[in-house]
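The structure appears right after this line, and notes come after that.
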Amino acid sequence: MAENQLKNEAFNTENVEDIINIKNPTSNSIIYSTKEFEDKYTYEGDDLGFVYSKEGTTFRVWAPTAEEVYLNLYKSGNPWEDDLCRKLQMTKDVKGTFVVKVPGDIVGTYYTFTAVIDGLSVEACDPYARTTGVNGQRAMVIDLESTNPEGWERDVNPHAEEKINDAIIYELHIRDFSSNEAGGIDNPGKYIAFAQTGTHTAGGNATGIDYIRELGVTHVHLLPFYDFGSVDENSSTSERFNWGYDPVNYNVPEGSYATDPYDGQVRVKEAKQMVKAFHDNGLSVIMDVVYNHVYDGKDFCINKLVPGYFSRINADGTYSNGSGCGNDTASERSMVRKYIVDSVCYWADEYHIDGFRFDLVGLLDVDTINEIVTKVHKKHPDVIFYGEGWDMDTDVTKDGVVMAIQQSSVKTPGFAYFNDNMRDGLKGSVFITEETGWVSGSPKMEKKMIKSFMAKEDWSKEPSQIIQYTSCHDNNTLYDRIAVARTDADREKLIKMNNLAATFYMTAEGVPFMQAGEEILRTKVREDGSFESNSFNSGDKINCIRWENLDKEEYQQNLKYYKELIAFRKKHGLLRLSSSEEVAKRITAVKNLDKNVIAFVMDNSDKKVEGETAEAIFLAFNPNEKETTVKLPEGNWELCISGSEDTLNDLCDENKKQIVSGKVKIPPISSRVANKVANKVANKVAKSNTGKTVDRAYLP
């Protein structure tokens, strides 16, 4: 309900506790969003949760609507154990907080808070818990410094001082990575599986973290690994699978990925070991975060301690449901915003996280996003931020709230958004699976795809704010999505379409992003032979990385193509321009081509593009099932992507390089990329290939 609707409401801030109703949080929602409530109860301190020392531990919780609050100290983190050691009444303090100090060294002690509201007692986990026992119901006092792996003080972002456009992002689920025994990885499905090097398939091909390092990506985006609710950490079954988009404790690592979910210290130690292993292998870590909703709105710790505060609740008592998950987060409220900002800062500080991907960020407001970026960048200027800026229907609780959607990108200059135009344009809509995309045969898409390639979308023209992708954990894999729409195409054509899509988004302006396994034609097939499009809880058999495929030539060839494509992008600064002005100045779309064919010229004749040695780059893409011929700009051009297999020759042996001029043929469902070279270089290459200078006017 908007604030201007409250003008005639009688509201006495001195008696707010008498107004709050634990049984009916709908009425509370009106009060929480008033200026009076926020002025009185916005706590700005940095000591919420606990502050530990060997001499004593101080606990502070925000519960402005409570009459009394108690600290419960437990022997274990097992919620079924009746092992309460002490119950201490907390003292009411400033801005709606309650505080108590426990003398002595109580590290390893588990605890909860009990709030008495409207005469009823409610027990909840600490919203600022740093770790918990099994299934996240009891927080634990922990000495965080003791959980640091060896060398942690020297651990840094391996891609520090690089801009976001230099990133090549690889999206990965922790369990998918190591659950397949063909990978030869110990501790399958666990954090520490990433710390094991030297793993390989039966055929001797690298798996595990060695595989990711050799692929050449810069950043690994990990699906949620905070404590989530859909997996029972107490279950004895080995296959406990979920993507994790159901938060329970935002500042606690998920216990099912730890070797021991019962000891709160283990999950913290092993999550840090994972991050350090990535850093040691030259890979930055991006954490997928889900602040737009929680696992259970009514049972979420903040909503239990302050009834209904964390969520948007409608006048009829229902939770706002733009997320489709039964509750939307009221980020526009001051203490919700503080909680989210504090949480992101904590992961960056304590776990050395190098980037954050925000699930359904369009349900959060721009002020919250900007505060996150600003505060994190004070200590960690290289951390990158991006998210799903879809425009979703949510019922905000204040007037004038602007949501962090694609169309608001100009209001969040340090934050990037996924580009669904590139995603759906290449392979077809994720909502209409029989629809083809540009690479799979859809005509008359040249203008749309040219705009996407140049990062010139209607909602943003800044390449630093556009995540270019065509597959992620959601919906079908790239190969499966093409196959669903092109049931008439054979395996060879489907692979060519897959790789043409990869070539397009990987050479486009913006920030390239790919789903793990796309490079080895990842597929998710059900027992009946159909493709799984929503595998959030489908288990290991469908979701795992199929390491055994690496021992097959077809997959090795495809992997080689992706590796060289990634290397090509990293080699050329023209593909990584960071401003719309630079794009407009340096990239021109070629005109008068065959239908559906797209080509570009990238210019560096002034030699001013950082990280670029070529004077110019020519790129041409042919999605048609027949050959086309494209006229080259004036001069000599060294083919970098050439041949029906699209081998990246500029990264291979010198004797395999080809120089072309005049015009070039592009086979069906294929592409060509060439660097402009000086005449003396062209003659040298031509002589080395043939023993004499050749006529380069036409090269088939």
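Every chain in the structure tokens takes a letter, A first, then B, and so on in the order presented; its residues are numbered from 1, and the ligands are numbered from 1 following the presented order.
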
### Query
Residues of region 455-632 of chain A in strand (DSSP E or B) according to DSSP, as number ranges by chain?
A: 466-468, 511-515, 525, 531, 587-589, 598-603, 616-622, 628-631

Residues as selected, N, CA and C atoms, written as a PDB file, in the first residue's frame, can you do that?
```
ATOM      1  N   ILE A 466      25.458  -5.304 -20.798  1.00  0.00           N
ATOM      2  CA  ILE A 466      24.718  -6.313 -21.556  1.00  0.00           C
ATOM      3  C   ILE A 466      25.428  -7.655 -21.478  1.00  0.00           C
ATOM      4  N   ILE A 467      24.745  -8.641 -20.887  1.00  0.00           N
ATOM      5  CA  ILE A 467      25.257 -10.007 -20.812  1.00  0.00           C
ATOM      6  C   ILE A 467      24.742 -10.765 -22.033  1.00  0.00           C
ATOM      7  N   GLN A 468      25.665 -11.170 -22.906  1.00  0.00           N
ATOM      8  CA  GLN A 468      25.308 -11.847 -24.150  1.00  0.00           C
ATOM      9  C   GLN A 468      25.351 -13.360 -23.945  1.00  0.00           C
ATOM     10  N   VAL A 511      29.192  -8.804 -22.723  1.00  0.00           N
ATOM     11  CA  VAL A 511      29.882  -9.755 -21.846  1.00  0.00           C
ATOM     12  C   VAL A 511      29.374 -11.160 -22.141  1.00  0.00           C
ATOM     13  N   PRO A 512      30.206 -12.055 -22.696  1.00  0.00           N
ATOM     14  CA  PRO A 512      29.736 -13.399 -23.049  1.00  0.00           C
ATOM     15  C   PRO A 512      29.544 -14.284 -21.822  1.00  0.00           C
ATOM     16  N   PHE A 513      28.500 -15.084 -21.889  1.00  0.00           N
ATOM     17  CA  PHE A 513      28.098 -15.948 -20.783  1.00  0.00           C
ATOM     18  C   PHE A 513      27.636 -17.270 -21.384  1.00  0.00           C
ATOM     19  N   MET A 514      28.085 -18.395 -20.805  1.00  0.00           N
ATOM     20  CA  MET A 514      27.693 -19.694 -21.326  1.00  0.00           C
ATOM     21  C   MET A 514      27.387 -20.671 -20.207  1.00  0.00           C
ATOM     22  N   GLN A 515      26.497 -21.607 -20.492  1.00  0.00           N
ATOM     23  CA  GLN A 515      26.188 -22.660 -19.542  1.00  0.00           C
ATOM     24  C   GLN A 515      27.268 -23.729 -19.605  1.00  0.00           C
ATOM     25  N   VAL A 525      18.370 -35.308 -21.335  1.00  0.00           N
ATOM     26  CA  VAL A 525      17.393 -36.206 -21.959  1.00  0.00           C
ATOM     27  C   VAL A 525      16.693 -37.049 -20.896  1.00  0.00           C
ATOM     28  N   PHE A 531      13.441 -34.001 -24.213  1.00  0.00           N
ATOM     29  CA  PHE A 531      14.418 -33.118 -23.580  1.00  0.00           C
ATOM     30  C   PHE A 531      13.823 -32.444 -22.345  1.00  0.00           C
ATOM     31  N   ILE A 587      32.610  -0.065 -35.189  1.00  0.00           N
ATOM     32  CA  ILE A 587      31.954  -1.235 -35.779  1.00  0.00           C
ATOM     33  C   ILE A 587      30.910  -0.802 -36.792  1.00  0.00           C
ATOM     34  N   THR A 588      30.996  -1.401 -37.974  1.00  0.00           N
ATOM     35  CA  THR A 588      30.062  -1.111 -39.062  1.00  0.00           C
ATOM     36  C   THR A 588      29.479  -2.411 -39.582  1.00  0.00           C
ATOM     37  N   ALA A 589      28.165  -2.443 -39.732  1.00  0.00           N
ATOM     38  CA  ALA A 589      27.511  -3.608 -40.335  1.00  0.00           C
ATOM     39  C   ALA A 589      27.629  -3.512 -41.854  1.00  0.00           C
ATOM     40  N   ILE A 598      24.901 -11.987 -42.187  1.00  0.00           N
ATOM     41  CA  ILE A 598      25.294 -10.799 -41.426  1.00  0.00           C
ATOM     42  C   ILE A 598      26.812 -10.700 -41.410  1.00  0.00           C
ATOM     43  N   ALA A 599      27.330  -9.468 -41.567  1.00  0.00           N
ATOM     44  CA  ALA A 599      28.782  -9.266 -41.507  1.00  0.00           C
ATOM     45  C   ALA A 599      29.088  -7.912 -40.874  1.00  0.00           C
ATOM     46  N   PHE A 600      30.279  -7.823 -40.282  1.00  0.00           N
ATOM     47  CA  PHE A 600      30.718  -6.594 -39.616  1.00  0.00           C
ATOM     48  C   PHE A 600      32.181  -6.331 -39.927  1.00  0.00           C
ATOM     49  N   VAL A 601      32.542  -5.044 -39.904  1.00  0.00           N
ATOM     50  CA  VAL A 601      33.944  -4.630 -39.939  1.00  0.00           C
ATOM     51  C   VAL A 601      34.232  -3.872 -38.646  1.00  0.00           C
ATOM     52  N   MET A 602      35.288  -4.297 -37.950  1.00  0.00           N
ATOM     53  CA  MET A 602      35.728  -3.621 -36.730  1.00  0.00           C
ATOM     54  C   MET A 602      37.032  -2.896 -37.020  1.00  0.00           C
ATOM     55  N   ASP A 603      37.089  -1.621 -36.691  1.00  0.00           N
ATOM     56  CA  ASP A 603      38.204  -0.770 -37.106  1.00  0.00           C
ATOM     57  C   ASP A 603      39.125  -0.390 -35.946  1.00  0.00           C
ATOM     58  N   ALA A 616      42.229  -4.175 -38.222  1.00  0.00           N
ATOM     59  CA  ALA A 616      40.787  -4.328 -38.391  1.00  0.00           C
ATOM     60  C   ALA A 616      40.435  -5.811 -38.294  1.00  0.00           C
ATOM     61  N   ILE A 617      39.177  -6.102 -38.006  1.00  0.00           N
ATOM     62  CA  ILE A 617      38.660  -7.469 -37.983  1.00  0.00           C
ATOM     63  C   ILE A 617      37.399  -7.509 -38.833  1.00  0.00           C
ATOM     64  N   PHE A 618      37.295  -8.546 -39.641  1.00  0.00           N
ATOM     65  CA  PHE A 618      36.108  -8.759 -40.471  1.00  0.00           C
ATOM     66  C   PHE A 618      35.410 -10.027 -39.987  1.00  0.00           C
ATOM     67  N   LEU A 619      34.098  -9.934 -39.755  1.00  0.00           N
ATOM     68  CA  LEU A 619      33.325 -11.073 -39.287  1.00  0.00           C
ATOM     69  C   LEU A 619      32.106 -11.273 -40.177  1.00  0.00           C
ATOM     70  N   ALA A 620      31.848 -12.499 -40.595  1.00  0.00           N
ATOM     71  CA  ALA A 620      30.679 -12.798 -41.427  1.00  0.00           C
ATOM     72  C   ALA A 620      30.030 -14.088 -40.948  1.00  0.00           C
ATOM     73  N   PHE A 621      28.697 -14.101 -40.937  1.00  0.00           N
ATOM     74  CA  PHE A 621      27.943 -15.234 -40.398  1.00  0.00           C
ATOM     75  C   PHE A 621      26.860 -15.645 -41.405  1.00  0.00           C
ATOM     76  N   ASN A 622      26.842 -16.915 -41.741  1.00  0.00           N
ATOM     77  CA  ASN A 622      25.886 -17.442 -42.714  1.00  0.00           C
ATOM     78  C   ASN A 622      25.036 -18.541 -42.081  1.00  0.00           C
ATOM     79  N   THR A 628      27.366 -18.974 -49.353  1.00  0.00           N
ATOM     80  CA  THR A 628      27.263 -17.585 -49.782  1.00  0.00           C
ATOM     81  C   THR A 628      28.668 -17.034 -49.998  1.00  0.00           C
ATOM     82  N   THR A 629      28.761 -15.962 -50.775  1.00  0.00           N
ATOM     83  CA  THR A 629      30.035 -15.276 -51.007  1.00  0.00           C
ATOM     84  C   THR A 629      29.914 -13.839 -50.524  1.00  0.00           C
ATOM     85  N   VAL A 630      30.914 -13.395 -49.782  1.00  0.00           N
ATOM     86  CA  VAL A 630      30.900 -12.055 -49.210  1.00  0.00           C
ATOM     87  C   VAL A 630      32.134 -11.299 -49.681  1.00  0.00           C
ATOM     88  N   LYS A 631      31.908 -10.053 -50.088  1.00  0.00           N
ATOM     89  CA  LYS A 631      33.020  -9.203 -50.507  1.00  0.00           C
ATOM     90  C   LYS A 631      33.758  -8.683 -49.285  1.00  0.00           C
TER      91      LYS A 631
END
```

### Spatial neighbours of region 134-139 of chain A, 7 Å, only C-alpha atoms, chain gap at least 3 places, as number ranges by chain
A: 77-79, 110-112, 125-126, 129, 131, 227, 232-234, 249, 255, 261-262

Write to file, as a compact mmCIF listing (two decimals), in the first residue's frame, the residues of the selection just made, with C-alpha atoms.
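result-v3.txt written:
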```txt
# COMPACT_ATOMS: atom_id res chain seq x y z
CA GLY A 77 22.80 -27.65 15.83
CA ASN A 78 20.32 -30.52 15.51
CA PRO A 79 16.80 -29.05 15.81
CA TYR A 110 24.50 -23.03 18.69
CA TYR A 111 21.80 -20.43 19.29
CA THR A 112 18.43 -18.98 18.27
CA CYS A 125 17.35 -18.43 13.55
CA ASP A 126 19.52 -15.32 13.55
CA ALA A 129 23.86 -16.11 11.16
CA THR A 131 26.85 -20.61 9.91
CA ASP A 227 21.83 -22.22 2.72
CA ASP A 232 17.27 -32.04 3.28
CA GLU A 233 20.82 -31.94 4.67
CA ASN A 234 19.85 -34.67 7.15
CA ASN A 249 19.90 -18.36 5.53
CA GLY A 255 25.30 -27.75 4.08
CA PRO A 261 26.41 -30.67 7.42
CA TYR A 262 26.12 -31.11 11.20
```

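Among the candidates A:Thr433, A:Thr147, A:Ser256, A:Ser670, the one nearest to Ala501 (chain A) when counting only C-alpha atoms is A:Ser670.
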
### Task
as number ranges by chain, please: all residues of region 415-652 of chain A that backbone DSSP puts in alpha helix (DSSP H).
A: 420-427, 446-453, 478-485, 491-507, 540-543, 553-571, 580-586

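What separates CA of Leu593 (chain A) from CA of Lys493 (chain A) is a distance of 22.4 Å.
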
### Message
I need the residue nearest Tyr351 (chain A) from this list: A:Lys269, A:Lys541, A:Lys563, A:His293. Use only C-alpha atoms for the distance.
### Response
A:Lys269

### Query
Between A:Ile185, A:Ala63, A:Val373, A:Leu364, which has the minimum distance to Val94 (chain A) (counting only C-alpha atoms)?
A:Ala63

### Task
Find the spatial neighbours of Asp246 (chain A), counting only C-alpha atoms, within a cut-off of 6 Å - ignore same-chain residues fewer than 5 positions away - and output them as a ChimeraX atom specification.
/A:228-229,294-295

#### Entry: Of the listed residues A:Ala330, A:Met506, A:Cys85, A:Ala271, that which approaches Glu350 (chain A) most closely, counting only C-alpha atoms
A:Ala271

### Message
What's the separation between CA of Ala348 (chain A) and CA of Gly362 (chain A), in Å to one decimal place?
### Response
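We find that CA of Ala348 (chain A) and CA of Gly362 (chain A) lie 22.1 Å from each other.
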
### Message
Can you pull out the residues contacting Lys54 (chain A)? Cut-off 10 Å, using only C-alpha atoms, and skip same-chain residues under 5 positions away; I want them as JSON, numbers by chain.
### Response
{"A": [103, 104, 105, 106, 107, 143]}

Please, could you write that set of residues out with C-alpha atoms as an mmCIF file, in the first residue's frame?
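Saved to part-v3.cif:
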```
data_model
loop_
_atom_site.group_PDB
_atom_site.id
_atom_site.type_symbol
_atom_site.label_atom_id
_atom_site.label_comp_id
_atom_site.auth_asym_id
_atom_site.auth_seq_id
_atom_site.Cartn_x
_atom_site.Cartn_y
_atom_site.Cartn_z
ATOM 1 C CA PRO A 103 31.008 -13.917 28.929
ATOM 2 C CA GLY A 104 33.678 -16.498 28.159
ATOM 3 C CA ASP A 105 34.676 -18.359 25.012
ATOM 4 C CA ILE A 106 31.498 -19.911 23.584
ATOM 5 C CA VAL A 107 32.764 -20.687 20.069
ATOM 6 C CA ASP A 143 35.589 -17.827 14.918
#
```

### Query
Between A:Lys163, A:Arg522, A:Arg333, A:Lys585, which has the minimum distance to Gly308 (chain A) (counting only C-alpha atoms)?
A:Arg333

### Query
Counting only C-alpha atoms, what is within 12 Å of Ile369 (chain A), bar same-chain residues fewer than 2 positions away, as an MDAnalysis selection string?
chainID A and resid 291:292 331:332 337:338 340:341 344 356:358 361:367 371:376 385:387 389 402:405 408:409 411:416

Just to be explicit: take each residue in the selection above, keep N, CA and C atoms, and write the result as a tab-separated table (two decimals), in the first residue's frame.
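Result file is part_9.tsv:
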```
chain	number	residue	atom	x	y	z
A	291	TYR	N	17.83	-12.64	-3.73
A	291	TYR	CA	17.27	-11.79	-2.68
A	291	TYR	C	15.83	-11.38	-2.97
A	292	ASN	N	15.29	-11.80	-4.10
A	292	ASN	CA	13.96	-11.34	-4.48
A	292	ASN	C	12.83	-12.11	-3.82
A	331	SER	N	12.33	-4.79	-0.80
A	331	SER	CA	13.67	-4.17	-0.74
A	331	SER	C	13.61	-2.67	-0.53
A	332	GLU	N	12.45	-2.06	-0.77
A	332	GLU	CA	12.31	-0.62	-0.60
A	332	GLU	C	12.29	-0.21	0.87
A	337	ARG	N	16.65	-3.39	2.89
A	337	ARG	CA	17.76	-2.93	2.04
A	337	ARG	C	19.09	-3.10	2.77
A	338	LYS	N	19.13	-2.70	4.03
A	338	LYS	CA	20.37	-2.86	4.79
A	338	LYS	C	20.78	-4.32	4.86
A	340	ILE	N	20.17	-6.78	2.77
A	340	ILE	CA	20.68	-7.25	1.48
A	340	ILE	C	22.08	-6.68	1.22
A	341	VAL	N	22.25	-5.39	1.45
A	341	VAL	CA	23.56	-4.75	1.25
A	341	VAL	C	24.60	-5.39	2.16
A	344	VAL	N	25.59	-8.98	0.82
A	344	VAL	CA	26.48	-9.01	-0.34
A	344	VAL	C	27.90	-8.58	0.07
A	356	PHE	N	28.61	-11.04	-8.52
A	356	PHE	CA	27.29	-11.47	-8.05
A	356	PHE	C	26.29	-11.42	-9.20
A	357	ARG	N	25.58	-12.52	-9.36
A	357	ARG	CA	24.49	-12.60	-10.34
A	357	ARG	C	23.18	-12.60	-9.56
A	358	PHE	N	22.30	-11.63	-9.83
A	358	PHE	CA	21.06	-11.47	-9.08
A	358	PHE	C	19.90	-12.12	-9.82
A	361	VAL	N	16.31	-9.79	-10.55
A	361	VAL	CA	16.65	-8.51	-9.93
A	361	VAL	C	15.59	-7.45	-10.23
A	362	GLY	N	14.75	-7.68	-11.22
A	362	GLY	CA	13.67	-6.75	-11.52
A	362	GLY	C	12.65	-6.61	-10.41
A	363	LEU	N	12.72	-7.48	-9.40
A	363	LEU	CA	11.83	-7.37	-8.24
A	363	LEU	C	12.46	-6.55	-7.12
A	364	LEU	N	13.71	-6.13	-7.31
A	364	LEU	CA	14.39	-5.25	-6.35
A	364	LEU	C	14.44	-3.84	-6.91
A	365	ASP	N	14.63	-2.86	-6.05
A	365	ASP	CA	14.62	-1.46	-6.49
A	365	ASP	C	16.02	-0.97	-6.82
A	366	VAL	N	16.11	0.06	-7.64
A	366	VAL	CA	17.40	0.56	-8.11
A	366	VAL	C	18.24	1.16	-6.98
A	367	ASP	N	17.58	1.75	-5.97
A	367	ASP	CA	18.35	2.32	-4.86
A	367	ASP	C	19.10	1.24	-4.10
A	371	GLU	N	23.20	0.96	-3.98
A	371	GLU	CA	23.89	0.96	-2.69
A	371	GLU	C	24.79	-0.27	-2.56
A	372	ILE	N	24.33	-1.42	-3.06
A	372	ILE	CA	25.16	-2.62	-3.05
A	372	ILE	C	26.44	-2.39	-3.84
A	373	VAL	N	26.30	-1.91	-5.06
A	373	VAL	CA	27.46	-1.71	-5.93
A	373	VAL	C	28.43	-0.71	-5.30
A	374	THR	N	27.90	0.38	-4.79
A	374	THR	CA	28.75	1.41	-4.20
A	374	THR	C	29.53	0.90	-3.00
A	375	LYS	N	28.84	0.21	-2.10
A	375	LYS	CA	29.50	-0.24	-0.86
A	375	LYS	C	30.49	-1.36	-1.13
A	376	VAL	N	30.16	-2.29	-2.00
A	376	VAL	CA	31.10	-3.36	-2.31
A	376	VAL	C	32.33	-2.80	-3.00
A	385	PHE	N	28.76	-7.12	-11.31
A	385	PHE	CA	27.36	-7.34	-10.94
A	385	PHE	C	26.51	-7.47	-12.20
A	386	TYR	N	25.60	-8.43	-12.19
A	386	TYR	CA	24.63	-8.54	-13.28
A	386	TYR	C	23.43	-9.35	-12.80
A	387	GLY	N	22.35	-9.32	-13.58
A	387	GLY	CA	21.17	-10.06	-13.15
A	387	GLY	C	20.08	-10.08	-14.19
A	389	GLY	N	16.94	-8.74	-15.45
A	389	GLY	CA	16.17	-7.51	-15.34
A	389	GLY	C	14.82	-7.57	-15.99
A	402	VAL	N	11.46	2.70	-8.11
A	402	VAL	CA	11.86	2.32	-9.46
A	402	VAL	C	12.55	0.96	-9.38
A	403	MET	N	12.09	0.01	-10.18
A	403	MET	CA	12.63	-1.33	-10.12
A	403	MET	C	13.84	-1.49	-11.04
A	404	ALA	N	14.71	-2.43	-10.68
A	404	ALA	CA	15.97	-2.65	-11.42
A	404	ALA	C	15.71	-3.58	-12.61
A	405	ILE	N	14.99	-3.07	-13.59
A	405	ILE	CA	14.70	-3.82	-14.81
A	405	ILE	C	15.60	-3.32	-15.94
A	408	SER	N	15.63	0.23	-16.81
A	408	SER	CA	16.20	1.15	-15.82
A	408	SER	C	17.72	1.09	-15.80
A	409	SER	N	18.31	0.50	-16.83
A	409	SER	CA	19.77	0.30	-16.82
A	409	SER	C	20.54	1.60	-16.67
A	411	LYS	N	19.85	3.94	-14.82
A	411	LYS	CA	19.81	4.32	-13.41
A	411	LYS	C	20.70	3.43	-12.54
A	412	THR	N	21.24	2.34	-13.12
A	412	THR	CA	22.14	1.44	-12.38
A	412	THR	C	23.41	1.24	-13.19
A	413	PRO	N	24.24	2.26	-13.31
A	413	PRO	CA	25.38	2.22	-14.23
A	413	PRO	C	26.43	1.15	-13.92
A	414	GLY	N	26.47	0.64	-12.72
A	414	GLY	CA	27.46	-0.39	-12.39
A	414	GLY	C	26.92	-1.80	-12.43
A	415	PHE	N	25.77	-1.98	-13.08
A	415	PHE	CA	25.07	-3.26	-13.05
A	415	PHE	C	24.67	-3.65	-14.47
A	416	ALA	N	24.92	-4.92	-14.84
A	416	ALA	CA	24.59	-5.41	-16.19
A	416	ALA	C	23.37	-6.32	-16.14
```
